[in-house]
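Source file: query-v5.cif; contents: mmCIF, C-alpha atoms.
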data_coords
#
loop_
_atom_site.group_PDB
_atom_site.id
_atom_site.type_symbol
_atom_site.label_atom_id
_atom_site.label_comp_id
_atom_site.auth_asym_id
_atom_site.auth_seq_id
_atom_site.Cartn_x
_atom_site.Cartn_y
_atom_site.Cartn_z
ATOM 1 C CA MET W 1 56.614 -3.893 43.823
ATOM 2 C CA LYS W 2 58.752 -5.707 46.354
ATOM 3 C CA THR W 3 60.773 -8.598 44.957
ATOM 4 C CA VAL W 4 60.351 -11.774 46.949
ATOM 5 C CA PHE W 5 62.470 -14.892 46.504
ATOM 6 C CA ARG W 6 60.570 -18.098 47.205
ATOM 7 C CA PRO W 7 61.760 -21.678 47.125
ATOM 8 C CA VAL W 8 60.111 -23.417 44.218
ATOM 9 C CA ALA W 9 62.059 -26.648 43.965
ATOM 10 C CA PRO W 10 62.432 -29.444 46.532
ATOM 11 C CA SER W 11 66.125 -28.600 46.713
ATOM 12 C CA GLY W 12 65.242 -25.204 48.132
ATOM 13 C CA ARG W 13 66.639 -23.189 45.182
ATOM 14 C CA LEU W 14 65.379 -19.648 44.885
ATOM 15 C CA CYS W 15 63.866 -18.739 41.578
ATOM 16 C CA TYR W 16 63.475 -15.011 40.903
ATOM 17 C CA ARG W 17 61.408 -15.537 37.779
ATOM 18 C CA LYS W 18 58.834 -17.714 39.497
ATOM 19 C CA ALA W 19 58.552 -15.341 42.479
ATOM 20 C CA ARG W 20 58.023 -12.366 40.165
ATOM 21 C CA SER W 21 55.336 -14.157 38.188
ATOM 22 C CA MET W 22 53.593 -15.200 41.430
ATOM 23 C CA ALA W 23 53.681 -11.600 42.663
ATOM 24 C CA LEU W 24 52.180 -10.415 39.376
ATOM 25 C CA TRP W 25 49.546 -13.121 39.575
ATOM 26 C CA GLU W 26 48.628 -12.047 43.116
ATOM 27 C CA GLU W 27 48.485 -8.415 42.019
ATOM 28 C CA ARG W 28 46.247 -9.271 39.073
ATOM 29 C CA GLY W 29 44.029 -11.320 41.356
ATOM 30 C CA HIS W 30 43.589 -8.272 43.545
ATOM 31 C CA MET W 31 42.713 -6.233 40.467
ATOM 32 C CA ARG W 32 40.204 -8.862 39.382
ATOM 33 C CA ARG W 33 38.562 -8.813 42.799
ATOM 34 C CA ARG W 34 38.404 -5.003 42.794
ATOM 35 C CA TRP W 35 36.963 -4.820 39.269
ATOM 36 C CA GLY W 36 34.621 -7.680 40.076
ATOM 37 C CA LEU W 37 33.210 -5.777 43.048
ATOM 38 C CA ARG W 38 32.869 -2.641 40.971
ATOM 39 C CA ALA W 39 31.067 -4.527 38.202
ATOM 40 C CA ALA W 40 28.761 -6.126 40.767
ATOM 41 C CA ARG W 41 27.992 -2.720 42.302
ATOM 42 C CA GLU W 42 27.264 -1.188 38.894
ATOM 43 C CA GLY W 43 25.143 -4.208 37.977
ATOM 44 C CA TRP W 44 23.138 -3.800 41.179
ATOM 45 C CA ARG W 45 22.624 -0.076 40.497
ATOM 46 C CA PHE W 46 21.462 -0.880 36.967
ATOM 47 C CA PHE W 47 19.073 -3.543 38.313
ATOM 48 C CA LEU W 48 17.600 -1.061 40.804
ATOM 49 C CA LEU W 49 17.209 1.533 38.052
ATOM 50 C CA VAL W 50 15.354 -0.926 35.822
ATOM 51 C CA ALA W 51 13.224 -2.175 38.740
ATOM 52 C CA GLY W 52 12.263 1.388 39.734
ATOM 53 C CA THR W 53 11.412 2.307 36.143
ATOM 54 C CA LEU W 54 9.327 -0.848 35.797
ATOM 55 C CA CYS W 55 7.404 -0.040 39.008
ATOM 56 C CA PHE W 56 6.739 3.497 37.768
ATOM 57 C CA VAL W 57 5.528 2.294 34.363
ATOM 58 C CA LEU W 58 3.270 -0.311 35.960
ATOM 59 C CA SER W 59 1.769 2.275 38.308
ATOM 60 C CA VAL W 60 1.069 4.679 35.436
ATOM 61 C CA ARG W 61 -0.430 1.945 33.223
ATOM 62 C CA SER W 62 -2.381 0.221 36.038
ATOM 63 C CA PHE W 63 -3.664 3.116 38.139
ATOM 64 C CA ILE W 64 -3.231 6.541 36.596
ATOM 65 C CA MET W 65 -4.230 5.921 32.961
ATOM 66 C CA PRO W 66 -7.303 3.683 33.559
ATOM 67 C CA ASN W 67 -8.718 6.134 36.111
ATOM 68 C CA HIS W 68 -7.997 9.181 33.899
ATOM 69 C CA LEU W 69 -5.842 10.826 36.537
ATOM 70 C CA LEU W 70 -2.986 13.234 35.923
ATOM 71 C CA SER W 71 0.495 13.081 37.338
ATOM 72 C CA GLY W 72 2.994 15.897 37.688
ATOM 73 C CA GLY W 73 5.960 16.793 35.537
ATOM 74 C CA VAL W 74 6.763 15.299 32.158
ATOM 75 C CA THR W 75 4.548 12.278 32.788
ATOM 76 C CA GLY W 76 1.556 14.504 33.532
ATOM 77 C CA LEU W 77 2.184 16.528 30.399
ATOM 78 C CA SER W 78 2.421 13.372 28.284
ATOM 79 C CA LEU W 79 -0.792 12.008 29.858
ATOM 80 C CA LEU W 80 -2.535 15.280 29.017
ATOM 81 C CA LEU W 81 -1.320 15.130 25.406
ATOM 82 C CA ASN W 82 -2.460 11.497 25.273
ATOM 83 C CA ALA W 83 -5.958 12.460 26.438
ATOM 84 C CA VAL W 84 -6.253 15.304 23.927
ATOM 85 C CA PHE W 85 -4.327 14.097 20.858
ATOM 86 C CA ARG W 86 -4.005 10.322 21.498
ATOM 87 C CA THR W 87 -0.197 10.477 21.377
ATOM 88 C CA PRO W 88 1.712 7.523 22.872
ATOM 89 C CA VAL W 89 2.636 8.339 26.477
ATOM 90 C CA GLY W 90 6.040 6.609 26.383
ATOM 91 C CA LEU W 91 7.132 8.387 23.213
ATOM 92 C CA VAL W 92 6.133 11.810 24.539
ATOM 93 C CA VAL W 93 7.936 11.140 27.841
ATOM 94 C CA LEU W 94 11.063 10.176 25.884
ATOM 95 C CA ILE W 95 10.838 13.261 23.651
ATOM 96 C CA PHE W 96 10.460 15.623 26.622
ATOM 97 C CA ASN W 97 13.033 13.918 28.866
ATOM 98 C CA ALA W 98 15.833 13.761 26.268
ATOM 99 C CA PRO W 99 16.555 17.536 26.208
ATOM 100 C CA ILE W 100 16.179 17.768 29.995
ATOM 101 C CA PHE W 101 18.716 14.964 30.388
ATOM 102 C CA LEU W 102 21.143 16.512 27.894
ATOM 103 C CA LEU W 103 20.898 20.034 29.318
ATOM 104 C CA GLY W 104 21.167 18.873 32.920
ATOM 105 C CA GLY W 105 24.979 18.726 32.967
ATOM 106 C CA ARG W 106 26.865 19.974 35.968
ATOM 107 C CA GLY W 107 28.518 23.355 35.903
ATOM 108 C CA VAL W 108 32.093 24.018 36.922
ATOM 109 C CA THR W 109 33.706 27.317 37.912
ATOM 110 C CA ILE W 110 37.436 27.714 37.262
ATOM 111 C CA LEU W 111 39.314 29.883 39.773
ATOM 112 C CA LYS W 112 42.946 30.978 39.386
ATOM 113 C CA ALA W 113 44.948 30.281 42.542
ATOM 114 C CA GLU W 114 48.501 30.902 43.741
ATOM 115 C CA GLY W 115 50.113 28.699 46.364
ATOM 116 C CA ALA W 116 51.116 30.703 49.440
ATOM 117 C CA TYR W 117 54.206 28.589 50.127
ATOM 118 C CA THR W 118 55.410 27.615 46.651
ATOM 119 C CA GLY W 119 54.009 30.532 44.702
ATOM 120 C CA SER W 120 52.927 28.179 41.911
ATOM 121 C CA VAL W 121 49.848 29.206 39.932
ATOM 122 C CA SER W 122 47.164 26.609 39.244
ATOM 123 C CA ASP W 123 43.479 26.270 38.479
ATOM 124 C CA VAL W 124 40.927 25.406 41.145
ATOM 125 C CA LEU W 125 37.743 23.768 39.901
ATOM 126 C CA LEU W 126 34.678 24.548 41.997
ATOM 127 C CA CYS W 127 31.705 22.270 41.472
ATOM 128 C CA ILE W 128 28.566 21.968 43.561
ATOM 129 C CA VAL W 129 26.854 18.595 43.315
ATOM 130 C CA THR W 130 24.192 16.769 45.268
ATOM 131 C CA ARG W 131 25.187 14.012 47.654
ATOM 132 C CA PHE W 132 23.803 11.533 45.127
ATOM 133 C CA GLU W 133 26.225 12.795 42.444
ATOM 134 C CA LEU W 134 29.243 12.817 44.757
ATOM 135 C CA ARG W 135 30.235 9.174 44.171
ATOM 136 C CA GLU W 136 30.108 9.650 40.384
ATOM 137 C CA LEU W 137 32.186 12.831 40.649
ATOM 138 C CA ARG W 138 34.779 11.022 42.785
ATOM 139 C CA ASP W 139 35.021 8.262 40.162
ATOM 140 C CA ILE W 140 35.501 10.844 37.409
ATOM 141 C CA ILE W 141 38.244 12.631 39.372
ATOM 142 C CA ARG W 142 40.049 9.351 40.130
ATOM 143 C CA SER W 143 39.981 8.315 36.491
ATOM 144 C CA GLU W 144 41.073 11.717 35.099
ATOM 145 C CA ASP W 145 43.654 12.775 37.714
ATOM 146 C CA PRO W 146 44.425 10.255 40.476
ATOM 147 C CA SER W 147 46.810 12.710 42.213
ATOM 148 C CA ALA W 148 44.254 15.554 42.376
ATOM 149 C CA PHE W 149 43.791 17.339 45.702
ATOM 150 C CA VAL W 150 40.062 17.281 46.467
ATOM 151 C CA THR W 151 38.061 18.720 49.336
ATOM 152 C CA VAL W 152 34.422 17.880 49.982
ATOM 153 C CA ILE W 153 32.485 20.475 51.941
ATOM 154 C CA GLU W 154 28.867 20.229 52.989
ATOM 155 C CA VAL W 155 26.944 23.264 51.733
ATOM 156 C CA SER W 156 23.872 24.412 53.626
ATOM 157 C CA ASP W 157 22.393 26.561 50.851
ATOM 158 C CA VAL W 158 23.073 27.663 47.267
ATOM 159 C CA ILE W 159 21.710 30.998 46.063
ATOM 160 C CA GLY W 160 22.227 32.663 42.710
ATOM 161 C CA ARG W 161 22.002 32.283 38.952
ATOM 162 C CA PHE W 162 22.644 28.824 37.628
ATOM 163 C CA LYS W 163 22.550 29.439 33.886
ATOM 164 C CA ARG W 164 24.427 31.563 31.421
ATOM 165 C CA PRO W 165 22.798 34.865 30.615
ATOM 166 C CA SER W 166 21.457 35.169 27.091
ATOM 167 C CA ALA W 167 23.037 37.545 24.582
ATOM 168 C CA PHE W 168 19.939 39.735 24.829
ATOM 169 C CA SER W 169 20.221 40.090 28.628
ATOM 170 C CA ILE W 170 23.947 40.932 28.351
ATOM 171 C CA TRP W 171 23.147 43.566 25.716
ATOM 172 C CA LYS W 172 20.344 44.969 27.904
ATOM 173 C CA ARG W 173 22.657 45.173 30.941
ATOM 174 C CA GLN W 174 25.344 46.951 28.889
ATOM 175 C CA GLN W 175 22.747 49.349 27.527
ATOM 176 C CA LYS W 176 21.579 50.239 31.065
ATOM 177 C CA SER W 177 25.119 50.778 32.325
ATOM 178 C CA GLY W 178 25.964 53.016 29.357
ATOM 179 C CA ASP W 179 28.710 50.789 27.961
ATOM 180 C CA LEU W 180 26.833 50.335 24.699
ATOM 181 C CA GLU W 181 25.093 52.849 22.476
ATOM 182 C CA PRO W 182 21.330 52.128 22.018
#
Whole structure, structure tokens version:
Amino acid sequence: MKTVFRPVAPSGRLCYRKARSMALWEERGHMRRRWGLRAAREGWRFFLLVAGTLCFVLSVRSFIMPNHLLSGGVTGLSLLLNAVFRTPVGLVVLIFNAPIFLLGGRGVTILKAEGAYTGSVSDVLLCIVTRFELRELRDIIRSEDPSAFVTVIEVSDVIGRFKRPSAFSIWKRQQKSGDLEP
């Protein structure tokens, strides 16, 4: 921070202490404004989330359930269970969505890299996210490592396996390749 001497008395004396405290006050004011904007943005996102959920619930309760229609996904499954077993729709949606939410974490691949100029070895984290998750990922990177070198590349397509193979499939693959006795 740059030290600024400001006259604080009518005599024109310079007071280092007062100037430093004013600079800190200005810096904190900037921080307050930045955190205030962030809180407002998060509050707005939360409001939109609640408003969207409320609209969805009202549409299910007002149109789909009274007319005995089915929806797709978890809601459709919970409506079907409600029609057959009289289970509460909201509870079944919560029960089915909880594991989906918990298992839906993003995957990261760690690559070993060596700098061509410096020769230093480091880890490169490769993570593919949707454009909707990009802002959250940027916030996580800034909070964990503000000096991290990050590149964002638009990907046209992703092909391949996106889950860990089970122990049975690994055993089966080893058995086919002859690495493991049957």
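What separates CA of Val155 in chain W from CA of Ile128 in chain W is a distance of 8.4 Å.
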Atom pair CA of Leu70 in chain W / CA of Asn97 in chain W: separation (Å):
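Value for the CA of Leu70 in chain W-CA of Asn97 in chain W distance: 17.5 Å.
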When you count only C-alpha atoms, which of these residues is closest to Val150 in chain W: W:Glu133, W:Cys127, W:Pro66, W:Ile170?
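Counting only C-alpha atoms, the residue closest to Val150 in chain W is W:Cys127.
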Give me the residues within 6 Å of range 100-114 of chain W as an MDAnalysis selection string, counting all atoms listed in the file and dropping any in the same chain fewer than 4 places off.
chainID W and resid 119:127
Could you list, as a list in words, every residue within 12 Å of range 138-146 of chain W, counting all atoms listed in the file and ignoring same-chain residues fewer than 6 positions away?
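The residues that qualify are Arg38, Leu125, Cys127, Val129, Arg131, Phe132 and Val152 of chain W.
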So that I can check the surroundings of Ile95 in chain W, please list as number ranges by chain every protein, DNA and RNA residue that reaches within 12 Å of it, counting all atoms listed in the file and ignoring chain neighbours fewer than 6 positions away.
W: 74-75, 77-78, 87-89, 101-102
What does the distance between CA of Val93 in chain W and CA of Arg45 in chain W come to in Å, to one decimal place?
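Distance reported for this atom pair: 22.4 Å.
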Once N, CA and C atoms are restored for range 46-76 of chain W, what would the output be as an mmCIF file, keeping the file's coordinate frame?
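Full text of part.cif as output:
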data_model
loop_
_atom_site.group_PDB
_atom_site.id
_atom_site.type_symbol
_atom_site.label_atom_id
_atom_site.label_comp_id
_atom_site.auth_asym_id
_atom_site.auth_seq_id
_atom_site.Cartn_x
_atom_site.Cartn_y
_atom_site.Cartn_z
ATOM 1 N N PHE W 46 22.234 -0.777 38.200
ATOM 2 C CA PHE W 46 21.462 -0.880 36.967
ATOM 3 C C PHE W 46 20.172 -1.666 37.217
ATOM 4 N N PHE W 47 20.261 -2.756 37.986
ATOM 5 C CA PHE W 47 19.073 -3.543 38.313
ATOM 6 C C PHE W 47 18.060 -2.694 39.066
ATOM 7 N N LEU W 48 18.520 -1.916 40.050
ATOM 8 C CA LEU W 48 17.600 -1.061 40.804
ATOM 9 C C LEU W 48 16.975 0.009 39.920
ATOM 10 N N LEU W 49 17.738 0.550 38.992
ATOM 11 C CA LEU W 49 17.209 1.533 38.052
ATOM 12 C C LEU W 49 16.104 0.931 37.194
ATOM 13 N N VAL W 50 16.356 -0.257 36.659
ATOM 14 C CA VAL W 50 15.354 -0.926 35.822
ATOM 15 C C VAL W 50 14.135 -1.300 36.655
ATOM 16 N N ALA W 51 14.350 -1.793 37.877
ATOM 17 C CA ALA W 51 13.224 -2.175 38.740
ATOM 18 C C ALA W 51 12.373 -0.957 39.099
ATOM 19 N N GLY W 52 13.010 0.170 39.415
ATOM 20 C CA GLY W 52 12.263 1.388 39.734
ATOM 21 C C GLY W 52 11.483 1.909 38.539
ATOM 22 N N THR W 53 12.102 1.871 37.360
ATOM 23 C CA THR W 53 11.412 2.307 36.143
ATOM 24 C C THR W 53 10.234 1.405 35.844
ATOM 25 N N LEU W 54 10.413 0.105 36.030
ATOM 26 C CA LEU W 54 9.327 -0.848 35.797
ATOM 27 C C LEU W 54 8.167 -0.601 36.759
ATOM 28 N N CYS W 55 8.467 -0.346 38.028
ATOM 29 C CA CYS W 55 7.404 -0.040 39.008
ATOM 30 C C CYS W 55 6.651 1.233 38.620
ATOM 31 N N PHE W 56 7.384 2.246 38.168
ATOM 32 C CA PHE W 56 6.739 3.497 37.768
ATOM 33 C C PHE W 56 5.831 3.286 36.561
ATOM 34 N N VAL W 57 6.326 2.554 35.569
ATOM 35 C CA VAL W 57 5.528 2.294 34.363
ATOM 36 C C VAL W 57 4.276 1.500 34.719
ATOM 37 N N LEU W 58 4.440 0.486 35.559
ATOM 38 C CA LEU W 58 3.270 -0.311 35.960
ATOM 39 C C LEU W 58 2.254 0.522 36.727
ATOM 40 N N SER W 59 2.720 1.435 37.570
ATOM 41 C CA SER W 59 1.769 2.275 38.308
ATOM 42 C C SER W 59 1.022 3.227 37.376
ATOM 43 N N VAL W 60 1.735 3.778 36.390
ATOM 44 C CA VAL W 60 1.069 4.679 35.436
ATOM 45 C C VAL W 60 0.058 3.897 34.606
ATOM 46 N N ARG W 61 0.472 2.736 34.079
ATOM 47 C CA ARG W 61 -0.430 1.945 33.223
ATOM 48 C C ARG W 61 -1.583 1.317 34.002
ATOM 49 N N SER W 62 -1.355 0.943 35.273
ATOM 50 C CA SER W 62 -2.381 0.221 36.038
ATOM 51 C C SER W 62 -3.325 1.128 36.806
ATOM 52 N N PHE W 63 -2.826 2.280 37.283
ATOM 53 C CA PHE W 63 -3.664 3.116 38.139
ATOM 54 C C PHE W 63 -4.000 4.478 37.533
ATOM 55 N N ILE W 64 -3.011 5.163 37.030
ATOM 56 C CA ILE W 64 -3.231 6.541 36.596
ATOM 57 C C ILE W 64 -3.999 6.604 35.279
ATOM 58 N N MET W 65 -3.563 5.852 34.265
ATOM 59 C CA MET W 65 -4.230 5.921 32.961
ATOM 60 C C MET W 65 -5.653 5.359 32.978
ATOM 61 N N PRO W 66 -5.920 4.189 33.579
ATOM 62 C CA PRO W 66 -7.303 3.683 33.559
ATOM 63 C C PRO W 66 -8.296 4.574 34.301
ATOM 64 N N ASN W 67 -7.824 5.278 35.330
ATOM 65 C CA ASN W 67 -8.718 6.134 36.111
ATOM 66 C C ASN W 67 -8.729 7.575 35.628
ATOM 67 N N HIS W 68 -8.053 7.850 34.508
ATOM 68 C CA HIS W 68 -7.997 9.181 33.899
ATOM 69 C C HIS W 68 -7.529 10.240 34.893
ATOM 70 N N LEU W 69 -6.457 9.886 35.605
ATOM 71 C CA LEU W 69 -5.842 10.826 36.537
ATOM 72 C C LEU W 69 -4.634 11.478 35.868
ATOM 73 N N LEU W 70 -4.184 12.574 36.432
ATOM 74 C CA LEU W 70 -2.986 13.234 35.923
ATOM 75 C C LEU W 70 -1.895 13.170 36.967
ATOM 76 N N SER W 71 -0.689 13.074 36.484
ATOM 77 C CA SER W 71 0.495 13.081 37.338
ATOM 78 C C SER W 71 1.189 14.414 37.124
ATOM 79 N N GLY W 72 2.242 14.660 37.859
ATOM 80 C CA GLY W 72 2.994 15.897 37.688
ATOM 81 C C GLY W 72 4.163 15.717 36.754
ATOM 82 N N GLY W 73 4.744 16.817 36.333
ATOM 83 C CA GLY W 73 5.960 16.793 35.537
ATOM 84 C C GLY W 73 5.745 16.346 34.106
ATOM 85 N N VAL W 74 6.783 15.736 33.548
ATOM 86 C CA VAL W 74 6.763 15.299 32.158
ATOM 87 C C VAL W 74 5.709 14.215 31.948
ATOM 88 N N THR W 75 5.553 13.339 32.918
ATOM 89 C CA THR W 75 4.548 12.278 32.788
ATOM 90 C C THR W 75 3.152 12.875 32.728
ATOM 91 N N GLY W 76 2.861 13.853 33.560
ATOM 92 C CA GLY W 76 1.556 14.504 33.532
ATOM 93 C C GLY W 76 1.297 15.201 32.216
#
